[in-house]
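Visitor: I'm passing along coords24.txt; it holds compact mmCIF, C-alpha atoms.
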```txt
# COMPACT_ATOMS: atom_id res chain seq x y z
CA MET A 1 113.42 118.90 -206.43
CA ALA A 2 112.45 118.69 -210.10
CA VAL A 3 111.29 115.06 -210.03
CA SER A 4 109.75 112.81 -207.39
CA LYS A 5 111.94 110.77 -205.06
CA LYS A 6 110.63 107.54 -206.57
CA ILE A 7 111.43 108.57 -210.13
CA LYS A 8 114.86 109.81 -209.07
CA LYS A 9 115.50 106.42 -207.46
CA HIS A 10 114.32 104.59 -210.58
CA MET A 11 116.50 106.76 -212.79
CA THR A 12 119.54 105.89 -210.69
CA GLU A 13 118.80 102.17 -210.57
CA GLY A 14 117.52 101.51 -214.06
CA GLY A 15 119.58 103.61 -216.39
CA TRP A 16 122.34 101.21 -217.45
CA ILE A 17 121.50 101.11 -221.15
CA ARG A 18 121.05 104.89 -221.26
CA LYS A 19 124.23 105.35 -219.25
CA MET A 20 126.24 103.28 -221.72
CA PHE A 21 124.69 105.23 -224.59
CA GLU A 22 125.88 108.47 -223.00
CA GLU A 23 129.32 106.98 -222.34
CA GLY A 24 129.46 106.12 -226.03
CA ILE A 25 128.73 109.70 -227.04
CA ALA A 26 131.55 110.95 -224.82
CA LEU A 27 134.03 108.36 -226.12
CA LYS A 28 133.14 109.04 -229.76
CA LYS A 29 133.62 112.75 -229.22
CA LYS A 30 137.04 112.11 -227.69
CA TYR A 31 138.39 109.39 -229.97
CA GLY A 32 136.26 109.63 -233.11
CA GLU A 33 133.26 107.48 -234.07
CA ARG A 34 135.27 104.89 -235.99
CA ASN A 35 137.43 104.23 -232.95
CA VAL A 36 134.59 103.40 -230.56
CA PHE A 37 132.82 100.04 -230.70
CA ASP A 38 129.34 100.46 -229.26
CA LEU A 39 127.57 97.16 -228.63
CA SER A 40 125.22 98.52 -225.99
CA LEU A 41 121.99 99.35 -227.83
CA GLY A 42 119.32 97.13 -229.40
CA ASN A 43 118.75 99.61 -232.22
CA PRO A 44 118.54 97.63 -235.50
CA ILE A 45 121.12 98.70 -238.10
CA PHE A 46 119.27 97.12 -241.01
CA GLU A 47 116.76 99.06 -243.08
CA PRO A 48 113.14 97.84 -243.37
CA PRO A 49 112.50 95.22 -246.06
CA GLU A 50 111.54 96.21 -249.60
CA GLU A 51 107.90 95.27 -248.97
CA PHE A 52 107.71 98.07 -246.40
CA ARG A 53 109.24 100.64 -248.72
CA LYS A 54 106.81 99.64 -251.47
CA GLU A 55 103.81 100.11 -249.18
CA LEU A 56 105.17 103.41 -247.88
CA ARG A 57 105.62 104.73 -251.43
CA ASP A 58 102.13 103.61 -252.37
CA TRP A 59 100.45 105.37 -249.45
CA ALA A 60 102.59 108.50 -249.93
CA ASN A 61 102.03 108.74 -253.67
CA LYS A 62 98.35 107.76 -253.62
CA PRO A 63 96.93 109.29 -250.44
CA ARG A 64 93.42 108.22 -249.45
CA PRO A 65 90.94 110.72 -248.00
CA GLY A 66 90.92 110.56 -244.20
CA MET A 67 93.97 108.32 -243.95
CA HIS A 68 95.45 110.42 -241.12
CA ARG A 69 92.29 110.94 -239.08
CA TYR A 70 91.21 109.27 -235.86
CA MET A 71 89.97 105.72 -236.09
CA PRO A 72 88.48 103.42 -233.41
CA ASN A 73 90.86 103.36 -230.43
CA ALA A 74 91.49 99.65 -231.04
CA GLY A 75 92.80 100.47 -234.52
CA TYR A 76 91.58 100.16 -238.09
CA PRO A 77 89.23 97.15 -238.44
CA GLU A 78 90.99 96.03 -241.62
CA THR A 79 94.43 96.10 -239.94
CA ARG A 80 93.17 94.18 -236.93
CA ALA A 81 91.55 91.67 -239.28
CA ALA A 82 94.86 91.20 -241.10
CA VAL A 83 96.66 90.56 -237.81
CA ALA A 84 93.92 88.14 -236.75
CA ALA A 85 94.14 86.25 -240.04
CA HIS A 86 97.91 85.93 -239.64
CA LEU A 87 97.57 84.62 -236.08
CA SER A 88 94.82 82.20 -237.08
CA VAL A 89 97.10 80.62 -239.67
CA LYS A 90 100.06 80.46 -237.27
CA THR A 91 98.17 79.12 -234.25
CA GLY A 92 95.15 77.31 -235.67
CA LEU A 93 92.92 79.37 -233.35
CA PRO A 94 89.88 81.36 -234.55
CA PHE A 95 91.19 84.90 -234.11
CA THR A 96 89.05 87.78 -235.32
CA ALA A 97 89.61 91.52 -235.36
CA ASN A 98 87.72 91.60 -232.04
CA GLU A 99 90.69 89.99 -230.24
CA ILE A 100 93.23 92.54 -231.52
CA VAL A 101 94.17 96.04 -230.31
CA MET A 102 96.73 98.06 -232.28
CA THR A 103 99.22 99.84 -230.01
CA CYS A 104 102.16 102.22 -229.85
CA GLY A 105 104.77 99.48 -229.95
CA ALA A 106 105.27 96.63 -227.51
CA ALA A 107 105.99 99.05 -224.66
CA GLY A 108 102.62 100.69 -225.18
CA ALA A 109 101.03 97.25 -225.44
CA LEU A 110 102.55 96.00 -222.19
CA ASN A 111 101.59 99.15 -220.28
CA THR A 112 98.05 98.96 -221.64
CA ALA A 113 97.75 95.29 -220.67
CA MET A 114 99.19 95.76 -217.19
CA LYS A 115 96.90 98.70 -216.47
CA ALA A 116 93.85 96.81 -217.67
CA ILE A 117 94.40 93.73 -215.47
CA SER A 118 96.17 95.09 -212.37
CA GLU A 119 94.78 96.12 -209.01
CA PRO A 120 97.00 98.10 -206.60
CA GLY A 121 99.29 95.63 -204.83
CA ASP A 122 99.01 92.90 -207.45
CA GLU A 123 102.19 91.04 -208.41
CA ILE A 124 103.57 90.44 -211.88
CA ILE A 125 106.14 87.65 -212.10
CA ILE A 126 109.16 88.32 -214.31
CA PHE A 127 111.95 85.86 -215.12
CA ALA A 128 115.55 87.06 -214.73
CA PRO A 129 117.38 88.07 -216.85
CA TYR A 130 114.77 90.55 -218.05
CA PHE A 131 114.38 93.78 -219.98
CA SER A 132 114.76 96.34 -217.19
CA GLU A 133 111.80 98.49 -218.22
CA TYR A 134 109.40 95.71 -217.18
CA ILE A 135 109.93 96.66 -213.54
CA TYR A 136 108.84 100.22 -214.19
CA TYR A 137 105.91 99.23 -216.38
CA ALA A 138 104.51 97.23 -213.45
CA ASP A 139 105.12 100.12 -211.07
CA ASN A 140 103.29 102.47 -213.45
CA HIS A 141 100.08 100.63 -212.59
CA GLN A 142 100.66 100.12 -208.85
CA ALA A 143 101.68 96.51 -209.32
CA THR A 144 104.85 94.92 -207.96
CA ALA A 145 107.38 92.99 -210.02
CA ARG A 146 108.31 89.66 -208.43
CA ILE A 147 111.53 88.27 -209.88
CA VAL A 148 111.93 84.52 -210.45
CA PRO A 149 115.29 83.00 -211.42
CA THR A 150 116.20 80.93 -214.46
CA ASP A 151 118.68 78.07 -214.64
CA SER A 152 122.25 78.09 -215.95
CA THR A 153 120.95 78.08 -219.54
CA PHE A 154 118.47 80.91 -218.77
CA ILE A 155 115.41 78.65 -218.90
CA PRO A 156 112.72 79.44 -216.26
CA ASP A 157 112.99 77.51 -213.01
CA LEU A 158 109.50 75.98 -212.78
CA LYS A 159 109.85 74.98 -209.14
CA ALA A 160 110.81 78.55 -208.23
CA LEU A 161 107.88 79.82 -210.29
CA GLU A 162 105.40 77.62 -208.45
CA GLU A 163 106.78 78.70 -205.08
CA SER A 164 106.59 82.39 -206.08
CA ILE A 165 102.92 82.50 -207.11
CA THR A 166 100.61 83.88 -204.44
CA SER A 167 97.01 85.03 -204.19
CA LYS A 168 98.27 88.44 -205.37
CA THR A 169 99.79 87.12 -208.58
CA LYS A 170 98.05 88.72 -211.54
CA ALA A 171 100.34 87.74 -214.41
CA VAL A 172 103.46 85.86 -215.42
CA LEU A 173 105.46 87.73 -218.06
CA VAL A 174 107.36 85.71 -220.66
CA ASN A 175 109.84 87.18 -223.15
CA SER A 176 110.96 84.62 -225.74
CA PRO A 177 113.24 84.98 -227.63
CA ASN A 178 114.67 86.70 -224.62
CA ASN A 179 116.35 90.06 -224.19
CA PRO A 180 119.18 89.94 -223.09
CA THR A 181 120.05 86.24 -223.56
CA GLY A 182 118.61 85.32 -226.96
CA VAL A 183 117.24 82.11 -225.42
CA VAL A 184 113.98 80.65 -226.75
CA TYR A 185 111.59 78.95 -224.32
CA GLY A 186 110.52 75.60 -225.80
CA ALA A 187 107.14 73.88 -225.74
CA LYS A 188 108.01 71.76 -222.69
CA VAL A 189 108.78 74.70 -220.42
CA LEU A 190 105.76 76.67 -221.66
CA GLN A 191 103.54 73.66 -221.03
CA GLY A 192 104.99 73.48 -217.53
CA ILE A 193 104.22 77.15 -216.91
CA GLY A 194 100.65 76.65 -218.11
CA LYS A 195 100.09 73.69 -215.78
CA ILE A 196 101.42 75.64 -212.81
CA LEU A 197 99.12 78.59 -213.57
CA ALA A 198 96.08 76.29 -213.82
CA LYS A 199 97.00 74.66 -210.51
CA LYS A 200 97.49 77.99 -208.73
CA GLU A 201 94.30 79.48 -210.14
CA GLN A 202 92.38 76.57 -208.67
CA GLN A 203 94.23 76.86 -205.38
CA TYR A 204 93.56 80.57 -204.91
CA GLY A 205 90.33 80.97 -206.88
CA THR A 206 91.91 83.69 -209.00
CA GLU A 207 92.65 84.42 -212.64
CA ILE A 208 96.33 84.57 -213.56
CA PHE A 209 97.27 85.88 -216.98
CA LEU A 210 100.13 84.61 -219.09
CA LEU A 211 101.52 87.81 -220.56
CA SER A 212 103.96 87.54 -223.45
CA ASP A 213 106.39 90.03 -224.99
CA ASP A 214 106.79 88.60 -228.50
CA VAL A 215 108.82 91.42 -230.04
CA TYR A 216 111.64 89.07 -231.16
CA ARG A 217 109.38 86.19 -232.31
CA LYS A 218 110.46 86.28 -235.96
CA LEU A 219 114.16 86.67 -235.11
CA VAL A 220 115.16 83.03 -234.60
CA TYR A 221 118.03 80.90 -235.91
CA ASP A 222 118.93 77.37 -236.91
CA GLY A 223 115.34 76.26 -237.48
CA VAL A 224 114.44 76.76 -233.82
CA GLU A 225 110.69 76.84 -233.18
CA CYS A 226 109.30 79.65 -231.05
CA PRO A 227 105.91 78.42 -229.81
CA TYR A 228 102.94 80.74 -229.36
CA LEU A 229 101.68 80.77 -225.78
CA PHE A 230 97.95 80.66 -226.51
CA GLN A 231 97.77 76.86 -226.50
CA TYR A 232 99.27 76.60 -223.00
CA HIS A 233 96.88 78.83 -221.04
CA PRO A 234 93.43 80.25 -221.85
CA ARG A 235 94.15 83.59 -220.17
CA THR A 236 97.00 84.55 -222.51
CA ILE A 237 97.72 88.09 -223.68
CA VAL A 238 100.39 88.48 -226.35
CA THR A 239 102.03 91.86 -226.95
CA THR A 240 104.40 92.62 -229.78
CA SER A 241 105.65 95.24 -232.21
CA HIS A 242 107.28 95.55 -235.61
CA SER A 243 110.29 97.36 -234.13
CA LYS A 244 112.60 94.39 -234.65
CA ASP A 245 111.10 92.15 -237.35
CA LEU A 246 110.53 95.07 -239.75
CA ALA A 247 113.31 97.28 -238.30
CA LEU A 248 110.84 100.04 -237.38
CA PRO A 249 111.64 100.92 -233.74
CA GLY A 250 111.05 104.63 -234.25
CA GLU A 251 107.60 104.14 -235.77
CA ARG A 252 106.08 102.64 -232.58
CA ILE A 253 103.65 100.21 -234.16
CA GLY A 254 102.53 97.02 -232.42
CA TYR A 255 99.49 95.17 -231.14
CA ILE A 256 97.87 93.16 -228.35
CA ALA A 257 96.27 89.80 -229.10
CA VAL A 258 93.93 88.17 -226.57
CA ASN A 259 93.39 84.42 -226.62
CA PRO A 260 90.07 83.75 -228.42
CA GLN A 261 89.58 80.79 -226.05
CA TYR A 262 89.35 83.10 -223.02
CA GLU A 263 85.73 83.41 -221.91
CA GLY A 264 86.27 86.92 -220.55
CA ARG A 265 87.91 88.24 -223.70
CA GLU A 266 85.16 90.74 -224.61
CA GLU A 267 85.39 92.52 -221.26
CA LEU A 268 89.19 92.36 -221.38
CA ILE A 269 89.33 93.84 -224.89
CA ASN A 270 87.01 96.67 -223.82
CA GLY A 271 89.33 97.34 -220.89
CA LEU A 272 92.40 97.29 -223.13
CA VAL A 273 90.82 99.76 -225.56
CA PHE A 274 89.89 102.07 -222.68
CA CYS A 275 93.40 101.89 -221.18
CA ASN A 276 95.02 102.46 -224.57
CA ARG A 277 93.10 105.73 -224.68
CA VAL A 278 93.45 107.00 -221.13
CA LEU A 279 97.17 106.24 -220.95
CA GLY A 280 97.51 108.87 -223.64
CA PHE A 281 98.39 106.55 -226.52
CA VAL A 282 94.86 107.15 -227.94
CA ASN A 283 95.57 104.96 -230.96
CA ALA A 284 98.48 103.41 -232.83
CA PRO A 285 99.99 105.59 -235.61
CA ALA A 286 97.54 105.71 -238.52
CA LEU A 287 100.02 105.55 -241.40
CA MET A 288 101.88 102.61 -239.88
CA GLN A 289 98.62 100.74 -239.36
CA HIS A 290 97.87 101.12 -243.05
CA ILE A 291 101.33 99.91 -244.04
CA VAL A 292 101.76 96.88 -241.77
CA GLN A 293 98.33 95.54 -242.71
CA SER A 294 99.89 93.69 -245.65
CA LEU A 295 103.23 92.94 -243.97
CA GLN A 296 102.30 90.42 -241.28
CA ASP A 297 104.43 87.72 -242.93
CA ALA A 298 107.37 90.01 -243.79
CA SER A 299 110.65 90.29 -241.90
CA VAL A 300 114.21 91.54 -242.15
CA ASP A 301 116.88 89.22 -243.57
CA MET A 302 117.73 86.88 -240.69
CA GLU A 303 120.75 85.44 -242.50
CA GLN A 304 122.62 88.68 -241.87
CA TYR A 305 121.88 88.55 -238.12
CA ALA A 306 122.86 84.86 -238.04
CA ARG A 307 126.18 85.67 -239.68
CA LYS A 308 126.92 88.38 -237.09
CA ARG A 309 125.90 86.09 -234.23
CA ASP A 310 128.09 83.24 -235.46
CA PHE A 311 131.12 85.49 -235.98
CA LEU A 312 130.86 87.02 -232.52
CA TYR A 313 130.05 83.76 -230.75
CA ARG A 314 132.93 81.92 -232.41
CA ASN A 315 135.51 84.59 -231.67
CA LEU A 316 134.44 85.21 -228.07
CA THR A 317 134.33 81.53 -227.15
CA GLU A 318 137.78 81.07 -228.72
CA LEU A 319 138.99 83.82 -226.37
CA GLY A 320 137.59 81.86 -223.42
CA TYR A 321 134.31 83.64 -222.74
CA SER A 322 131.49 81.44 -221.43
CA ILE A 323 128.32 81.93 -223.50
CA VAL A 324 124.93 80.27 -223.93
CA LYS A 325 124.55 80.43 -227.72
CA PRO A 326 121.58 82.64 -228.63
CA GLN A 327 118.69 81.02 -230.48
CA GLY A 328 116.99 84.29 -231.33
CA ALA A 329 116.93 88.09 -231.00
CA PHE A 330 120.23 89.94 -231.58
CA TYR A 331 122.01 89.81 -228.23
CA ILE A 332 124.74 87.71 -226.64
CA PHE A 333 124.92 87.48 -222.84
CA PRO A 334 128.38 86.19 -221.83
CA LYS A 335 129.45 85.44 -218.29
CA SER A 336 131.72 88.12 -216.88
CA PRO A 337 135.29 86.86 -216.27
CA ILE A 338 135.06 88.48 -212.84
CA LYS A 339 132.22 88.59 -210.33
CA ASP A 340 131.82 92.35 -210.65
CA ASP A 341 130.23 92.77 -214.07
CA VAL A 342 130.21 96.57 -213.72
CA ALA A 343 133.97 96.55 -213.20
CA PHE A 344 134.42 94.29 -216.20
CA VAL A 345 132.34 96.54 -218.43
CA GLY A 346 134.50 99.39 -217.15
CA GLU A 347 137.58 97.46 -218.28
CA LEU A 348 136.08 97.08 -221.75
CA GLN A 349 135.53 100.83 -221.88
CA LYS A 350 139.27 101.34 -221.51
CA HIS A 351 139.49 99.71 -224.93
CA ASN A 352 136.60 101.77 -226.32
CA VAL A 353 134.22 98.82 -226.26
CA LEU A 354 130.74 99.45 -224.87
CA ALA A 355 128.59 96.69 -223.37
CA VAL A 356 125.88 96.68 -220.67
CA PRO A 357 126.46 95.05 -217.26
CA GLY A 358 124.18 92.17 -216.31
CA GLN A 359 123.01 94.10 -213.26
CA GLY A 360 120.90 96.16 -215.66
CA PHE A 361 118.93 93.00 -216.49
CA GLY A 362 118.67 91.52 -213.02
CA ALA A 363 121.58 89.14 -213.65
CA PRO A 364 124.83 90.26 -211.99
CA GLY A 365 127.92 88.46 -213.23
CA TYR A 366 127.04 88.72 -216.92
CA PHE A 367 127.11 91.42 -219.60
CA ARG A 368 125.05 92.08 -222.70
CA ILE A 369 126.37 92.62 -226.22
CA SER A 370 124.12 93.74 -229.04
CA TYR A 371 125.11 92.61 -232.53
CA CYS A 372 122.50 94.55 -234.52
CA VAL A 373 125.37 96.84 -235.52
CA ASP A 374 127.70 97.35 -238.47
CA ASP A 375 130.31 94.64 -239.09
CA TRP A 376 133.18 97.05 -238.45
CA VAL A 377 131.87 97.64 -234.91
CA ILE A 378 131.85 93.90 -234.14
CA GLU A 379 135.22 93.30 -235.78
CA GLY A 380 136.79 96.32 -234.10
CA SER A 381 135.57 95.27 -230.66
CA LEU A 382 137.51 91.99 -230.71
CA LYS A 383 140.78 93.68 -229.83
CA GLY A 384 139.22 95.01 -226.63
CA PHE A 385 137.62 91.67 -225.76
CA LYS A 386 140.96 89.96 -226.32
CA ALA A 387 142.77 92.43 -224.07
CA ALA A 388 140.16 92.02 -221.32
CA ALA A 389 140.32 88.22 -221.62
CA LYS A 390 144.08 88.37 -221.17
CA GLU A 391 143.76 90.81 -218.26
CA PHE A 392 141.49 88.42 -216.35
CA GLY A 393 143.15 85.16 -217.28
CA LEU A 394 140.70 83.63 -219.71
CA LYS A 395 142.07 80.69 -221.68
```
Could I get this file's structure written as structure tokens?
Guide:
Amino acid sequence: MAVSKKIKKHMTEGGWIRKMFEEGIALKKKYGERNVFDLSLGNPIFEPPEEFRKELRDWANKPRPGMHRYMPNAGYPETRAAVAAHLSVKTGLPFTANEIVMTCGAAGALNTAMKAISEPGDEIIIFAPYFSEYIYYADNHQATARIVPTDSTFIPDLKALEESITSKTKAVLVNSPNNPTGVVYGAKVLQGIGKILAKKEQQYGTEIFLLSDDVYRKLVYDGVECPYLFQYHPRTIVTTSHSKDLALPGERIGYIAVNPQYEGREELINGLVFCNRVLGFVNAPALMQHIVQSLQDASVDMEQYARKRDFLYRNLTELGYSIVKPQGAFYIFPKSPIKDDVAFVGELQKHNVLAVPGQGFGAPGYFRISYCVDDWVIEGSLKGFKAAAKEFGLK
């Protein structure tokens, strides 16, 4: 056997996005690329903003001695200071470079954080629906993912959260704006989470971290506010990347920010730096650290994403699909017209439309659509969605 039994099991269970990607390749080969409407991947279609291209040209045309060498494992001090300054303005908290670790994207950040705080057998609470890789990140560090439900609008069920926390709970992971729903968790629910963590810490005499995946923070619509979590719990660790806000998923550049109000932050940062190294990340990409230093306030054009969201939401709801309107990110998570979301996604494939079943996100009965694609893909998919709606008696 080429791989371990556990990895083989994980590959079988957790490969829905990859499976749909491979289905798309096969369909495009058979019918031609312009006849297949792939809404399965969260791979931004937009190019990085002009500010990024300007910085890239500057560093390429005026190279500095040593700009590609090793730096401290936490990252360049000047880049960390720029991130800290940005966060200080946004949160009103006294961040310094000493609370920041530059990482290989948000995935690298989350793995580094989980390794640093987890003992074997610890539990990390994750709200469903969730990005499926979270389960495997926890397993990487001998922790167990404990899934807690959300309500009908995909907002965390606070009562269920409180009942799920045990003496083994090490962290509660929050992803807002959420993948796959696009829902933003407001101040009230975050305040509720913070109060529950404080109560449970006192009950069990433990430290419970509030761990945040902020990768979609800047991708919000309609003036919706996406609160930072630092003010709701002192033991907050925020992870993020510039994969989405600067459209740089292939560059793998992100960071970890530790709450400056946490008394144990120095030890935690030292642990994060150590784990960043021994996990094999070593350090975040040098060139990208140089470039993003001056881009902490930059972002892609959200008006274009809003236009795509509104077009898709309007047309799908007119066809009878039940949808919680996304407030952020670039996904829509409709309810499947039939209980078996895998079967429904299979029906869409008959019309060359690719979506991901909700089972892949811990939410059977739904399916995910990504609208960070070309307009012709969205427009072309409507024929398939209309046919499926008719097939299953919507509206």
Visitor: Write out as a ChimeraX atom specification each polymer residue whose atoms come within 7 Å of A:Lys244, counting all atoms listed in the file; drop sequence neighbours fewer than 5 positions from it.
Guide: /A:44,215-216,249
Visitor: When you look at stretch 310-313 of chain A with a cut-off of 9 Å (counting all atoms listed in the file), what residues show up, excluding the ones that are within fewer than 6 positions of it in the same chain? I need them as a list in words.
Guide: Ile323, Lys325, Pro326, Ile332, Tyr371, Ile378, Glu379 and Leu382 of chain A
Visitor: Using only C-alpha atoms, list the residues that have an atom at most 9 Å from (96.1, 91.7, -243.2), coordinates as in the file, as a PyMOL selection string.
Guide: chain A and resi 78-86+292-296
Visitor: Kindly export the residues of the current selection with C-alpha atoms, as a short mmCIF file (atom, residue, chain, number, x, y, z; two decimals), in the frame of the given file.
Guide:
```cif
data_model
loop_
_atom_site.label_atom_id
_atom_site.label_comp_id
_atom_site.auth_asym_id
_atom_site.auth_seq_id
_atom_site.Cartn_x
_atom_site.Cartn_y
_atom_site.Cartn_z
CA GLU A 78 90.99 96.03 -241.62
CA THR A 79 94.43 96.10 -239.94
CA ARG A 80 93.17 94.18 -236.93
CA ALA A 81 91.55 91.67 -239.28
CA ALA A 82 94.86 91.20 -241.10
CA VAL A 83 96.66 90.56 -237.81
CA ALA A 84 93.92 88.14 -236.75
CA ALA A 85 94.14 86.25 -240.04
CA HIS A 86 97.91 85.93 -239.64
CA VAL A 292 101.76 96.88 -241.77
CA GLN A 293 98.33 95.54 -242.71
CA SER A 294 99.89 93.69 -245.65
CA LEU A 295 103.23 92.94 -243.97
CA GLN A 296 102.30 90.42 -241.28
#
```
Visitor: At a cut-off of 12 Å, can you tabulate as a Markdown table every residue of stretch 104-169 of chain A near stretch 55-75 of chain A together with its closest atom pair and the distance in Å to one decimal, using all atoms listed in the file and ordering rows by chain then number?
Guide:
```
| residue | atom | partner | partner_atom | distance |
| --- | --- | --- | --- | --- |
| A:Cys104 | CA | A:Gly75 | CA | 10.6 |
| A:Ala109 | CA | A:Ala74 | CA | 11.3 |
| A:Thr112 | CA | A:Ala74 | CA | 11.5 |
```
Visitor: So which residues touch A:His141 within 10 Å, counting all atoms listed in the file, skipping near sequence neighbours fewer than 6 positions away, as a list in words?
Guide: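 Counting only the stated atoms, we get Asn111, Thr112, Ala113, Met114, Lys115, Ala116, Ile117, Ser118, Glu119, Pro120, Gly121 and Asp122 of chain A.
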Visitor: Could you please take those selected residues and save C-alpha atoms as a compact mmCIF listing (two decimals), in the coordinates of the input?
Guide:
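Generated file (result.txt):
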```txt
# COMPACT_ATOMS: atom_id res chain seq x y z
CA ASN A 111 101.59 99.15 -220.28
CA THR A 112 98.05 98.96 -221.64
CA ALA A 113 97.75 95.29 -220.67
CA MET A 114 99.19 95.76 -217.19
CA LYS A 115 96.90 98.70 -216.47
CA ALA A 116 93.85 96.81 -217.67
CA ILE A 117 94.40 93.73 -215.47
CA SER A 118 96.17 95.09 -212.37
CA GLU A 119 94.78 96.12 -209.01
CA PRO A 120 97.00 98.10 -206.60
CA GLY A 121 99.29 95.63 -204.83
CA ASP A 122 99.01 92.90 -207.45
```
Visitor: What's the 7 Å shell around A:Tyr221, counting all atoms listed in the file, without same-chain residues fewer than 5 positions away, as a PyMOL selection string?
Guide: chain A and resi 306+327-328
Visitor: Could you state the separation of atom CA of A:Phe127 and atom CA of A:Tyr255 in Å, given to one decimal place?
Guide: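 Distance between the two atoms: 22.3 Å.
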Visitor: In Å, how far is it from atom CA of A:Pro227 to atom CA of A:Pro156?
Guide: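 Separation of atom CA of A:Pro227 and atom CA of A:Pro156: 15.2 Å.
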Visitor: Generate N, CA and C atoms for stretch 155-168 of chain A and emit them as a PDB file, keeping the file's coordinate frame.
Guide:
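Saved result, selection_18.pdb, follows:
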```pdb
ATOM      1  N   ILE A 155     116.758  79.183-218.779  1.00  0.00           N
ATOM      2  CA  ILE A 155     115.410  78.650-218.900  1.00  0.00           C
ATOM      3  C   ILE A 155     114.699  78.801-217.547  1.00  0.00           C
ATOM      4  N   PRO A 156     113.429  79.224-217.528  1.00  0.00           N
ATOM      5  CA  PRO A 156     112.720  79.440-216.260  1.00  0.00           C
ATOM      6  C   PRO A 156     112.769  78.232-215.328  1.00  0.00           C
ATOM      7  N   ASP A 157     112.996  78.524-214.060  1.00  0.00           N
ATOM      8  CA  ASP A 157     112.990  77.510-213.010  1.00  0.00           C
ATOM      9  C   ASP A 157     111.536  77.301-212.589  1.00  0.00           C
ATOM     10  N   LEU A 158     110.931  76.197-213.015  1.00  0.00           N
ATOM     11  CA  LEU A 158     109.500  75.980-212.780  1.00  0.00           C
ATOM     12  C   LEU A 158     109.179  75.783-211.301  1.00  0.00           C
ATOM     13  N   LYS A 159     110.084  75.149-210.578  1.00  0.00           N
ATOM     14  CA  LYS A 159     109.850  74.980-209.140  1.00  0.00           C
ATOM     15  C   LYS A 159     109.828  76.337-208.444  1.00  0.00           C
ATOM     16  N   ALA A 160     110.771  77.208-208.816  1.00  0.00           N
ATOM     17  CA  ALA A 160     110.810  78.550-208.230  1.00  0.00           C
ATOM     18  C   ALA A 160     109.575  79.340-208.619  1.00  0.00           C
ATOM     19  N   LEU A 161     109.104  79.134-209.852  1.00  0.00           N
ATOM     20  CA  LEU A 161     107.880  79.820-210.290  1.00  0.00           C
ATOM     21  C   LEU A 161     106.708  79.405-209.421  1.00  0.00           C
ATOM     22  N   GLU A 162     106.538  78.102-209.239  1.00  0.00           N
ATOM     23  CA  GLU A 162     105.400  77.620-208.450  1.00  0.00           C
ATOM     24  C   GLU A 162     105.441  78.152-207.029  1.00  0.00           C
ATOM     25  N   GLU A 163     106.634  78.215-206.456  1.00  0.00           N
ATOM     26  CA  GLU A 163     106.780  78.700-205.080  1.00  0.00           C
ATOM     27  C   GLU A 163     106.557  80.211-204.985  1.00  0.00           C
ATOM     28  N   SER A 164     106.684  80.927-206.103  1.00  0.00           N
ATOM     29  CA  SER A 164     106.590  82.390-206.080  1.00  0.00           C
ATOM     30  C   SER A 164     105.164  82.895-206.293  1.00  0.00           C
ATOM     31  N   ILE A 165     104.294  82.057-206.836  1.00  0.00           N
ATOM     32  CA  ILE A 165     102.920  82.500-207.110  1.00  0.00           C
ATOM     33  C   ILE A 165     102.117  82.553-205.818  1.00  0.00           C
ATOM     34  N   THR A 166     101.438  83.681-205.621  1.00  0.00           N
ATOM     35  CA  THR A 166     100.610  83.880-204.440  1.00  0.00           C
ATOM     36  C   THR A 166      99.204  84.303-204.868  1.00  0.00           C
ATOM     37  N   SER A 167      98.370  84.558-203.888  1.00  0.00           N
ATOM     38  CA  SER A 167      97.010  85.030-204.190  1.00  0.00           C
ATOM     39  C   SER A 167      97.020  86.403-204.839  1.00  0.00           C
ATOM     40  N   LYS A 168      98.160  87.107-204.759  1.00  0.00           N
ATOM     41  CA  LYS A 168      98.270  88.440-205.370  1.00  0.00           C
ATOM     42  C   LYS A 168      98.810  88.399-206.791  1.00  0.00           C
TER      43      LYS A 168
END
```
